[in-house]
Amino acid sequence: MAEALILDAEALNALALPRDRKVLASRAATVLRFAFDRRALVRVPAPVLAEVCRGTRFDSALNHLLNNPGIRVFDLTRAVAQQAGHLLARAKLSSTHAVDAFVVATALQFETAVIATGDPTDIRRLAAPFSQIGVLAL
């Protein structure tokens with residue numbers, strides 16, 4: 001197992017479209033450089049793509065970022081999906097928070113992980129029981 005940086009939708013958008021999100025983009029880029037310097041794995045949970053892919057105009061920048069060999073999409077498996085459901089139940093959250101739960105469930109696949117997020121409240125609620133997960137608000 002390895003250390004990982006998990007990017008949520010806001011972090012991914014900030015990195016892909018830095019002109020649209022200047023402050024967030026600067027923070028996200030700093031976090032990404034730090035992760036690369038530490039040789040941490042950088043992962044984007046596949047369900048996050050459903051939140052950010054909105055057609056050719058937007059997808060072009062996302063695809064450019066995701067073509068970086070240091071950033072990989074983490075495929076959704078049955079085990080991760082079920083774990084996300086359990087996280088929602090434990091936190092007493094509805095399925096409207098499913099993508100956040102997929103992000104936390106992805107982080108749990110690594111020895112230690114930091115989630116870079118624009119939604120720290122819900123992510124912290126879902127990740128609260130797990131000391132191996134850090135949450136970094138952008």
# chains A, B, ... in the order shown; residues from 1 in each chain; ligands from 1
>>> residues_around(residues="Leu87 in chain A", least_positions_apart="6", cutoff="10 Å", atoms="only C-alpha atoms", output="ChimeraX atom specification")
/A:81,93,98,100-102,104-105,125-127,129
>>> write_last_selection(atoms="N, CA and C atoms", output="short mmCIF file (atom, residue, chain, number, x, y, z; two decimals), in the first residue's frame")
data_model
loop_
_atom_site.label_atom_id
_atom_site.label_comp_id
_atom_site.auth_asym_id
_atom_site.auth_seq_id
_atom_site.Cartn_x
_atom_site.Cartn_y
_atom_site.Cartn_z
N ALA A 81 -17.81 0.48 -4.12
CA ALA A 81 -19.19 0.97 -4.15
C ALA A 81 -19.95 0.56 -2.89
N LEU A 93 -26.23 9.89 5.89
CA LEU A 93 -26.36 10.80 4.75
C LEU A 93 -27.12 10.09 3.63
N ALA A 98 -23.42 10.58 -2.57
CA ALA A 98 -22.75 9.35 -3.03
C ALA A 98 -21.35 9.62 -3.57
N ASP A 100 -19.26 11.95 -2.82
CA ASP A 100 -18.36 12.20 -1.68
C ASP A 100 -18.00 10.87 -1.00
N ALA A 101 -18.97 9.99 -0.87
CA ALA A 101 -18.70 8.68 -0.26
C ALA A 101 -17.75 7.85 -1.13
N PHE A 102 -17.88 7.94 -2.45
CA PHE A 102 -16.95 7.24 -3.34
C PHE A 102 -15.53 7.79 -3.16
N VAL A 104 -14.22 9.10 -0.40
CA VAL A 104 -13.69 8.58 0.87
C VAL A 104 -13.39 7.09 0.75
N ALA A 105 -14.28 6.35 0.13
CA ALA A 105 -14.05 4.91 -0.05
C ALA A 105 -12.79 4.66 -0.88
N ARG A 125 -17.08 14.54 7.48
CA ARG A 125 -18.11 13.74 8.16
C ARG A 125 -18.00 12.27 7.76
N LEU A 126 -17.80 12.01 6.49
CA LEU A 126 -17.68 10.64 6.02
C LEU A 126 -16.37 9.99 6.44
N ALA A 127 -15.30 10.77 6.51
CA ALA A 127 -13.97 10.23 6.82
C ALA A 127 -13.65 10.24 8.31
N PRO A 129 -14.25 8.58 11.05
CA PRO A 129 -13.78 7.42 11.81
C PRO A 129 -12.39 6.90 11.40
#
>>> select_by_dssp(residues="range 17-113 of chain A", states="helix (DSSP H, G or I)", output="JSON, numbers by chain")
{"A": [22, 23, 24, 25, 26, 27, 28, 29, 30, 31, 32, 33, 34, 35, 36, 37, 46, 47, 48, 49, 50, 51, 52, 56, 57, 58, 59, 60, 61, 62, 63, 64, 65, 66, 78, 79, 80, 81, 82, 83, 84, 85, 86, 87, 88, 89, 90, 91, 95, 96, 97, 98, 99, 100, 101, 102, 103, 104, 105, 106, 107]}
>>> residues_around(residues="range 44-50 of chain A", least_positions_apart="3", cutoff="8 Å", atoms="only C-alpha atoms", output="ChimeraX atom specification")
/A:6-9,12,53,71-76,99,102-103,106
>>> residues_around(residues="Thr121 in chain A", least_positions_apart="3", cutoff="12 Å", atoms="only C-alpha atoms", output="PyMOL selection string")
chain A and resi 91+97+100+117-118+124-128+135-138
>>> closest_residue(among="A:Ser60, A:His86, A:Val42, A:Ala2", to="Ala116 in chain A", atoms="only C-alpha atoms")
A:Val42
>>> select_by_dssp(residues="chain A", states="strand (DSSP E)", output="JSON, numbers by chain")
{"A": [3, 4, 5, 6, 7, 41, 42, 43, 44, 45, 71, 72, 73, 74, 112, 113, 114, 115, 116, 117, 133, 134, 135, 136, 137]}
>>> write_last_selection(atoms="N, CA and C atoms", output="mmCIF file, in the first residue's frame")
data_model
loop_
_atom_site.group_PDB
_atom_site.id
_atom_site.type_symbol
_atom_site.label_atom_id
_atom_site.label_comp_id
_atom_site.auth_asym_id
_atom_site.auth_seq_id
_atom_site.Cartn_x
_atom_site.Cartn_y
_atom_site.Cartn_z
ATOM 1 N N GLU A 3 0.996 5.847 -0.058
ATOM 2 C CA GLU A 3 0.376 7.120 0.278
ATOM 3 C C GLU A 3 -0.308 7.668 -0.982
ATOM 4 N N ALA A 4 -1.472 8.316 -0.802
ATOM 5 C CA ALA A 4 -2.201 8.804 -1.966
ATOM 6 C C ALA A 4 -2.795 10.180 -1.714
ATOM 7 N N LEU A 5 -2.910 10.923 -2.795
ATOM 8 C CA LEU A 5 -3.670 12.166 -2.825
ATOM 9 C C LEU A 5 -4.895 11.877 -3.669
ATOM 10 N N ILE A 6 -6.065 12.093 -3.091
ATOM 11 C CA ILE A 6 -7.323 11.852 -3.792
ATOM 12 C C ILE A 6 -7.923 13.210 -4.136
ATOM 13 N N LEU A 7 -8.269 13.395 -5.394
ATOM 14 C CA LEU A 7 -8.838 14.658 -5.851
ATOM 15 C C LEU A 7 -10.351 14.532 -5.999
ATOM 16 N N LEU A 41 0.802 8.613 -4.783
ATOM 17 C CA LEU A 41 -0.084 8.300 -5.897
ATOM 18 C C LEU A 41 -1.181 9.364 -5.933
ATOM 19 N N VAL A 42 -1.501 9.834 -7.108
ATOM 20 C CA VAL A 42 -2.573 10.831 -7.251
ATOM 21 C C VAL A 42 -3.703 10.150 -7.997
ATOM 22 N N ARG A 43 -4.875 10.126 -7.359
ATOM 23 C CA ARG A 43 -6.002 9.395 -7.921
ATOM 24 C C ARG A 43 -7.268 10.248 -7.943
ATOM 25 N N VAL A 44 -8.049 10.024 -8.994
ATOM 26 C CA VAL A 44 -9.357 10.644 -9.159
ATOM 27 C C VAL A 44 -10.374 9.512 -9.194
ATOM 28 N N PRO A 45 -11.251 9.422 -8.203
ATOM 29 C CA PRO A 45 -12.272 8.371 -8.243
ATOM 30 C C PRO A 45 -13.144 8.526 -9.497
ATOM 31 N N ILE A 71 -1.306 11.238 -12.743
ATOM 32 C CA ILE A 71 -2.684 11.315 -12.240
ATOM 33 C C ILE A 71 -3.473 10.210 -12.903
ATOM 34 N N ARG A 72 -4.081 9.365 -12.097
ATOM 35 C CA ARG A 72 -4.834 8.235 -12.659
ATOM 36 C C ARG A 72 -6.264 8.212 -12.133
ATOM 37 N N VAL A 73 -7.152 7.761 -12.981
ATOM 38 C CA VAL A 73 -8.540 7.543 -12.567
ATOM 39 C C VAL A 73 -8.593 6.210 -11.839
ATOM 40 N N PHE A 74 -9.228 6.226 -10.669
ATOM 41 C CA PHE A 74 -9.373 5.018 -9.863
ATOM 42 C C PHE A 74 -10.748 4.434 -10.179
ATOM 43 N N THR A 112 -2.348 5.387 3.625
ATOM 44 C CA THR A 112 -2.687 6.729 4.091
ATOM 45 C C THR A 112 -3.117 7.536 2.878
ATOM 46 N N ALA A 113 -3.992 8.483 3.097
ATOM 47 C CA ALA A 113 -4.465 9.303 1.990
ATOM 48 C C ALA A 113 -4.856 10.683 2.494
ATOM 49 N N VAL A 114 -4.707 11.639 1.607
ATOM 50 C CA VAL A 114 -5.203 12.992 1.833
ATOM 51 C C VAL A 114 -6.192 13.276 0.719
ATOM 52 N N ILE A 115 -7.346 13.790 1.090
ATOM 53 C CA ILE A 115 -8.353 14.160 0.109
ATOM 54 C C ILE A 115 -8.315 15.675 -0.046
ATOM 55 N N ALA A 116 -8.025 16.131 -1.265
ATOM 56 C CA ALA A 116 -8.081 17.555 -1.577
ATOM 57 C C ALA A 116 -9.494 17.842 -2.044
ATOM 58 N N THR A 117 -10.178 18.754 -1.346
ATOM 59 C CA THR A 117 -11.607 18.936 -1.585
ATOM 60 C C THR A 117 -12.063 20.382 -1.469
ATOM 61 N N ILE A 133 -6.952 8.921 6.987
ATOM 62 C CA ILE A 133 -7.379 9.852 5.948
ATOM 63 C C ILE A 133 -7.311 11.272 6.479
ATOM 64 N N GLY A 134 -6.607 12.117 5.725
ATOM 65 C CA GLY A 134 -6.578 13.540 6.014
ATOM 66 C C GLY A 134 -7.456 14.257 5.015
ATOM 67 N N VAL A 135 -8.028 15.366 5.431
ATOM 68 C CA VAL A 135 -8.880 16.152 4.547
ATOM 69 C C VAL A 135 -8.275 17.540 4.446
ATOM 70 N N LEU A 136 -8.003 17.953 3.220
ATOM 71 C CA LEU A 136 -7.408 19.247 2.957
ATOM 72 C C LEU A 136 -8.403 20.124 2.209
ATOM 73 N N ALA A 137 -8.902 21.152 2.884
ATOM 74 C CA ALA A 137 -9.842 22.078 2.251
ATOM 75 C C ALA A 137 -9.069 23.018 1.336
#
>>> closest_residue(among="A:Leu17, A:Leu32, A:Leu24, A:Ile123", to="Leu88 in chain A", atoms="only C-alpha atoms")
A:Ile123
